[in-house]
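In what follows, a structure is listed as structure tokens, so that the remarks can point back to it.
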Amino acid sequence: MTTDATPAFPLIDPKRTALLTMDFQNGIVPIAPEPDALVERVKGAIADVRAAGGTIGYVRVAFTEDDWNAIPETNKAFSALAAAKQLHHEDAATQIDARIAPEHGDIVVRKVRFGSLSTTDLHEQLSERGIDTLILTGISTGGVVLSTLIDTADRDYRVFVLSDGVADPHPEVHRVLIDEVFPSRAHLIDTTQLSALLKDA
């Protein structure tokens, strides 16, 4: 029986679920508050989802010379990045944190905008695996997490946001999104609740 203090969440079918680790790369992890603790929590969530038979997806932001050249001046955020020639796809800064490195069979995509799907084939790869449920982790809450949540919710995925698996360098931005914005589009759970849901699957 559930009470107001113990909200009910949809059951998770691991075979139809992917945990997305977004922008956990060497040049971005350090901007998160308490980055080592964050990575350890996400590492634990990855292990739980793997053990239950779910899919792990990795998203990193990185650019080729052609990518930089294709960014128009109209794009406020990314035109500045391109002009500065930041986040080249071969740079150490764009490589996924080794503590949560991909394994064989995982999904790995490279994006060139905030969201995880708009410039990648991630949606197609998820669809091919029959995945309709996503668990989002990422840096930052106001960047990749917000953009990916809006996009995936619009595509009718069932979306969970791992509240202690996302972070933003601006605490108030993080708080407003977690408390006021995300609940209308996603189920908010923490790593402990995720582990319990997976055990009930």
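Naming works like this for the structure tokens: A, B, ... for the chains as they're shown, residue 1 at the start of each chain, ligands 1 onward in shown order.
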
Members of region 9-155 of chain A assigned alpha helix (DSSP H) by DSSP, as a tab-separated table (two decimals) with N, CA and C atoms, in the first residue's frame:
```tsv
chain	number	residue	atom	x	y	z
A	35	PRO	N	31.85	16.25	-7.70
A	35	PRO	CA	31.84	15.38	-8.89
A	35	PRO	C	32.17	13.92	-8.61
A	36	ASP	N	33.10	13.66	-7.69
A	36	ASP	CA	33.47	12.26	-7.43
A	36	ASP	C	32.29	11.48	-6.84
A	37	ALA	N	31.57	12.10	-5.92
A	37	ALA	CA	30.40	11.44	-5.33
A	37	ALA	C	29.33	11.21	-6.37
A	38	LEU	N	29.14	12.18	-7.26
A	38	LEU	CA	28.16	12.05	-8.33
A	38	LEU	C	28.50	10.86	-9.23
A	39	VAL	N	29.75	10.78	-9.65
A	39	VAL	CA	30.17	9.68	-10.53
A	39	VAL	C	29.98	8.34	-9.83
A	40	GLU	N	30.27	8.26	-8.56
A	40	GLU	CA	30.11	7.00	-7.83
A	40	GLU	C	28.64	6.59	-7.77
A	41	ARG	N	27.74	7.55	-7.57
A	41	ARG	CA	26.31	7.21	-7.55
A	41	ARG	C	25.86	6.71	-8.92
A	42	VAL	N	26.31	7.37	-9.96
A	42	VAL	CA	25.93	6.95	-11.32
A	42	VAL	C	26.55	5.60	-11.64
A	43	LYS	N	27.77	5.38	-11.19
A	43	LYS	CA	28.41	4.07	-11.39
A	43	LYS	C	27.59	2.97	-10.75
A	44	GLY	N	27.06	3.22	-9.55
A	44	GLY	CA	26.21	2.24	-8.89
A	44	GLY	C	24.91	2.00	-9.64
A	45	ALA	N	24.32	3.08	-10.17
A	45	ALA	CA	23.08	2.94	-10.95
A	45	ALA	C	23.32	2.14	-12.22
A	46	ILE	N	24.44	2.39	-12.87
A	46	ILE	CA	24.79	1.62	-14.06
A	46	ILE	C	24.90	0.14	-13.72
A	47	ALA	N	25.58	-0.17	-12.62
A	47	ALA	CA	25.73	-1.57	-12.21
A	47	ALA	C	24.38	-2.21	-11.93
A	48	ASP	N	23.47	-1.47	-11.29
A	48	ASP	CA	22.15	-2.01	-10.99
A	48	ASP	C	21.37	-2.31	-12.26
A	49	VAL	N	21.41	-1.38	-13.21
A	49	VAL	CA	20.66	-1.57	-14.45
A	49	VAL	C	21.27	-2.70	-15.27
A	50	ARG	N	22.59	-2.79	-15.31
A	50	ARG	CA	23.23	-3.91	-16.02
A	50	ARG	C	22.81	-5.24	-15.41
A	51	ALA	N	22.86	-5.31	-14.09
A	51	ALA	CA	22.55	-6.57	-13.40
A	51	ALA	C	21.12	-7.01	-13.66
A	52	ALA	N	20.23	-6.03	-13.87
A	52	ALA	CA	18.82	-6.35	-14.11
A	52	ALA	C	18.54	-6.67	-15.58
A	65	GLU	N	36.06	19.12	-37.20
A	65	GLU	CA	36.21	20.41	-37.89
A	65	GLU	C	34.95	20.72	-38.70
A	66	ASP	N	34.41	19.71	-39.36
A	66	ASP	CA	33.18	19.92	-40.14
A	66	ASP	C	32.02	20.34	-39.25
A	67	ASP	N	31.94	19.75	-38.06
A	67	ASP	CA	30.88	20.13	-37.13
A	67	ASP	C	30.98	21.60	-36.75
A	68	TRP	N	32.18	22.04	-36.41
A	68	TRP	CA	32.37	23.47	-36.07
A	68	TRP	C	31.96	24.36	-37.23
A	69	ASN	N	32.39	23.99	-38.43
A	69	ASN	CA	32.11	24.82	-39.60
A	69	ASN	C	30.63	24.90	-39.94
A	70	ALA	N	29.87	23.88	-39.52
A	70	ALA	CA	28.44	23.82	-39.86
A	70	ALA	C	27.56	24.57	-38.86
A	76	LYS	N	23.33	30.77	-30.53
A	76	LYS	CA	24.04	31.58	-29.54
A	76	LYS	C	25.10	30.80	-28.78
A	77	ALA	N	24.75	29.65	-28.27
A	77	ALA	CA	25.67	28.88	-27.43
A	77	ALA	C	26.76	28.20	-28.25
A	78	PHE	N	26.37	27.54	-29.33
A	78	PHE	CA	27.32	26.68	-30.03
A	78	PHE	C	28.18	27.43	-31.05
A	79	SER	N	27.74	28.60	-31.51
A	79	SER	CA	28.61	29.37	-32.40
A	79	SER	C	29.82	29.88	-31.64
A	80	ALA	N	29.64	30.24	-30.37
A	80	ALA	CA	30.77	30.68	-29.55
A	80	ALA	C	31.73	29.52	-29.30
A	81	LEU	N	31.17	28.35	-29.06
A	81	LEU	CA	32.00	27.16	-28.84
A	81	LEU	C	32.80	26.83	-30.09
A	82	ALA	N	32.14	26.92	-31.24
A	82	ALA	CA	32.83	26.61	-32.50
A	82	ALA	C	33.93	27.63	-32.79
A	83	ALA	N	33.66	28.88	-32.51
A	83	ALA	CA	34.66	29.92	-32.76
A	83	ALA	C	35.91	29.70	-31.91
A	122	LEU	N	20.41	8.15	-31.68
A	122	LEU	CA	20.06	7.50	-30.42
A	122	LEU	C	18.63	6.99	-30.42
A	123	HIS	N	17.69	7.78	-30.90
A	123	HIS	CA	16.29	7.35	-30.91
A	123	HIS	C	16.13	6.07	-31.73
A	124	GLU	N	16.80	6.01	-32.87
A	124	GLU	CA	16.71	4.82	-33.72
A	124	GLU	C	17.32	3.60	-33.03
A	125	GLN	N	18.44	3.80	-32.37
A	125	GLN	CA	19.07	2.67	-31.67
A	125	GLN	C	18.20	2.18	-30.51
A	126	LEU	N	17.59	3.10	-29.80
A	126	LEU	CA	16.69	2.70	-28.71
A	126	LEU	C	15.48	1.96	-29.26
A	127	SER	N	14.92	2.47	-30.36
A	127	SER	CA	13.74	1.84	-30.96
A	127	SER	C	14.06	0.43	-31.44
A	128	GLU	N	15.24	0.24	-32.02
A	128	GLU	CA	15.64	-1.08	-32.50
A	128	GLU	C	15.72	-2.10	-31.36
A	146	LEU	N	17.82	18.77	-19.27
A	146	LEU	CA	16.60	19.49	-19.63
A	146	LEU	C	16.24	19.25	-21.09
A	147	SER	N	17.20	19.42	-21.99
A	147	SER	CA	16.93	19.26	-23.42
A	147	SER	C	16.50	17.84	-23.76
A	148	THR	N	17.18	16.86	-23.19
A	148	THR	CA	16.86	15.47	-23.49
A	148	THR	C	15.52	15.08	-22.89
A	149	LEU	N	15.22	15.56	-21.71
A	149	LEU	CA	13.93	15.26	-21.09
A	149	LEU	C	12.78	15.78	-21.93
A	150	ILE	N	12.85	17.01	-22.37
A	150	ILE	CA	11.76	17.59	-23.17
A	150	ILE	C	11.59	16.81	-24.46
A	151	ASP	N	12.70	16.49	-25.11
A	151	ASP	CA	12.65	15.78	-26.39
A	151	ASP	C	12.09	14.37	-26.21
A	152	THR	N	12.58	13.64	-25.24
A	152	THR	CA	12.13	12.25	-25.08
A	152	THR	C	10.69	12.18	-24.58
A	153	ALA	N	10.30	13.12	-23.74
A	153	ALA	CA	8.90	13.16	-23.32
A	153	ALA	C	7.99	13.41	-24.51
A	154	ASP	N	8.40	14.30	-25.40
A	154	ASP	CA	7.62	14.58	-26.61
A	154	ASP	C	7.56	13.38	-27.54
```

Strand (DSSP E) positions in region 20-118 of chain A, given as an NGL selection string: :A and (20-22 or 55-61 or 107-111)

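Omitting Thr17 (chain A) and its sequence neighbours fewer than 5 positions away, and counting only C-alpha atoms, the residues within 8 Å are Ile12, Gly54, Thr55, Ile131, Asp132, Thr133, Leu134 and Ile135 of chain A.
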
Atom-to-atom span, CA of Ala8 (chain A) and CA of Ser163 (chain A), Å: 16.2 Å

Near-Val112 (chain A) list (10 Å; only C-alpha atoms; drop same-chain fewer than 6 positions) as JSON, numbers by chain: {"A": [60, 61, 62, 63, 64, 67, 68, 71, 78, 87, 118, 119, 120]}

Selection above as a file: N, CA and C atoms, as a PDB file, in the first residue's frame:
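What follows is the written file out37.pdb:
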```pdb
ATOM      1  N   ARG A  60      28.085  11.748 -25.429  1.00  0.00           N
ATOM      2  CA  ARG A  60      29.129  12.747 -25.188  1.00  0.00           C
ATOM      3  C   ARG A  60      29.008  13.850 -26.218  1.00  0.00           C
ATOM      4  N   VAL A  61      29.445  15.048 -25.853  1.00  0.00           N
ATOM      5  CA  VAL A  61      29.430  16.175 -26.775  1.00  0.00           C
ATOM      6  C   VAL A  61      30.851  16.383 -27.275  1.00  0.00           C
ATOM      7  N   ALA A  62      31.020  16.368 -28.608  1.00  0.00           N
ATOM      8  CA  ALA A  62      32.345  16.479 -29.200  1.00  0.00           C
ATOM      9  C   ALA A  62      32.190  16.833 -30.670  1.00  0.00           C
ATOM     10  N   PHE A  63      33.196  17.528 -31.217  1.00  0.00           N
ATOM     11  CA  PHE A  63      33.063  18.114 -32.545  1.00  0.00           C
ATOM     12  C   PHE A  63      34.231  17.765 -33.450  1.00  0.00           C
ATOM     13  N   THR A  64      33.927  17.573 -34.721  1.00  0.00           N
ATOM     14  CA  THR A  64      34.946  17.524 -35.765  1.00  0.00           C
ATOM     15  C   THR A  64      35.084  18.934 -36.344  1.00  0.00           C
ATOM     16  N   ASP A  67      31.941  19.755 -38.058  1.00  0.00           N
ATOM     17  CA  ASP A  67      30.875  20.131 -37.130  1.00  0.00           C
ATOM     18  C   ASP A  67      30.978  21.602 -36.751  1.00  0.00           C
ATOM     19  N   TRP A  68      32.181  22.045 -36.411  1.00  0.00           N
ATOM     20  CA  TRP A  68      32.368  23.465 -36.067  1.00  0.00           C
ATOM     21  C   TRP A  68      31.957  24.362 -37.231  1.00  0.00           C
ATOM     22  N   ILE A  71      28.137  25.066 -37.781  1.00  0.00           N
ATOM     23  CA  ILE A  71      27.329  25.761 -36.772  1.00  0.00           C
ATOM     24  C   ILE A  71      27.123  27.206 -37.198  1.00  0.00           C
ATOM     25  N   PHE A  78      26.366  27.542 -29.332  1.00  0.00           N
ATOM     26  CA  PHE A  78      27.319  26.684 -30.030  1.00  0.00           C
ATOM     27  C   PHE A  78      28.176  27.430 -31.045  1.00  0.00           C
ATOM     28  N   LEU A  87      36.230  21.414 -27.491  1.00  0.00           N
ATOM     29  CA  LEU A  87      35.683  20.054 -27.433  1.00  0.00           C
ATOM     30  C   LEU A  87      35.862  19.281 -28.750  1.00  0.00           C
ATOM     31  N   SER A 118      18.736  14.973 -30.955  1.00  0.00           N
ATOM     32  CA  SER A 118      18.490  15.786 -32.154  1.00  0.00           C
ATOM     33  C   SER A 118      19.590  15.668 -33.196  1.00  0.00           C
ATOM     34  N   THR A 119      20.824  15.393 -32.784  1.00  0.00           N
ATOM     35  CA  THR A 119      21.926  15.295 -33.758  1.00  0.00           C
ATOM     36  C   THR A 119      22.585  13.917 -33.731  1.00  0.00           C
ATOM     37  N   THR A 120      21.871  12.908 -33.243  1.00  0.00           N
ATOM     38  CA  THR A 120      22.412  11.545 -33.174  1.00  0.00           C
ATOM     39  C   THR A 120      21.361  10.557 -33.676  1.00  0.00           C
TER      40      THR A 120
END
```

Closest of A:His104, A:Arg110, A:His174, A:Lys15 to Glu90 (chain A) - atom-to-atom distances counting only C-alpha atoms: A:Arg110

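The space between CA of Thr94 (chain A) and CA of Asn75 (chain A) spans 20.8 Å.
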
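With only C-alpha atoms as the atoms that count, the minimum distance from Asp23 (chain A) to the choices A:Val109, A:Leu177, A:Leu198, A:Ala186 is reached by A:Val109.
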
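The coordinates place CA of Ala201 (chain A) at 6.0 Å from CA of Asp13 (chain A).
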
Polymer residues at most 9 Å from Ile28 (chain A), only C-alpha atoms, same-chain spacing of 6 or more positions, as a VMD selection string: chain A and resid 93 to 94 139 to 140

Counting only C-alpha atoms, the residue of A:Val173, A:Val144, A:Leu136, A:Ala167 that sits nearest Lys111 (chain A): A:Val144

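The smallest atom-to-atom distance between Arg99 (chain A) and any of A:Arg113, A:Val59, A:Phe24, A:Val159, using only C-alpha atoms, is found for A:Phe24.
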
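When only C-alpha atoms are used to compute distances to Ile100 (chain A), the closest of the residues A:Asp164, A:Ala18, A:Tyr58, A:Asp190 turns out to be A:Tyr58.
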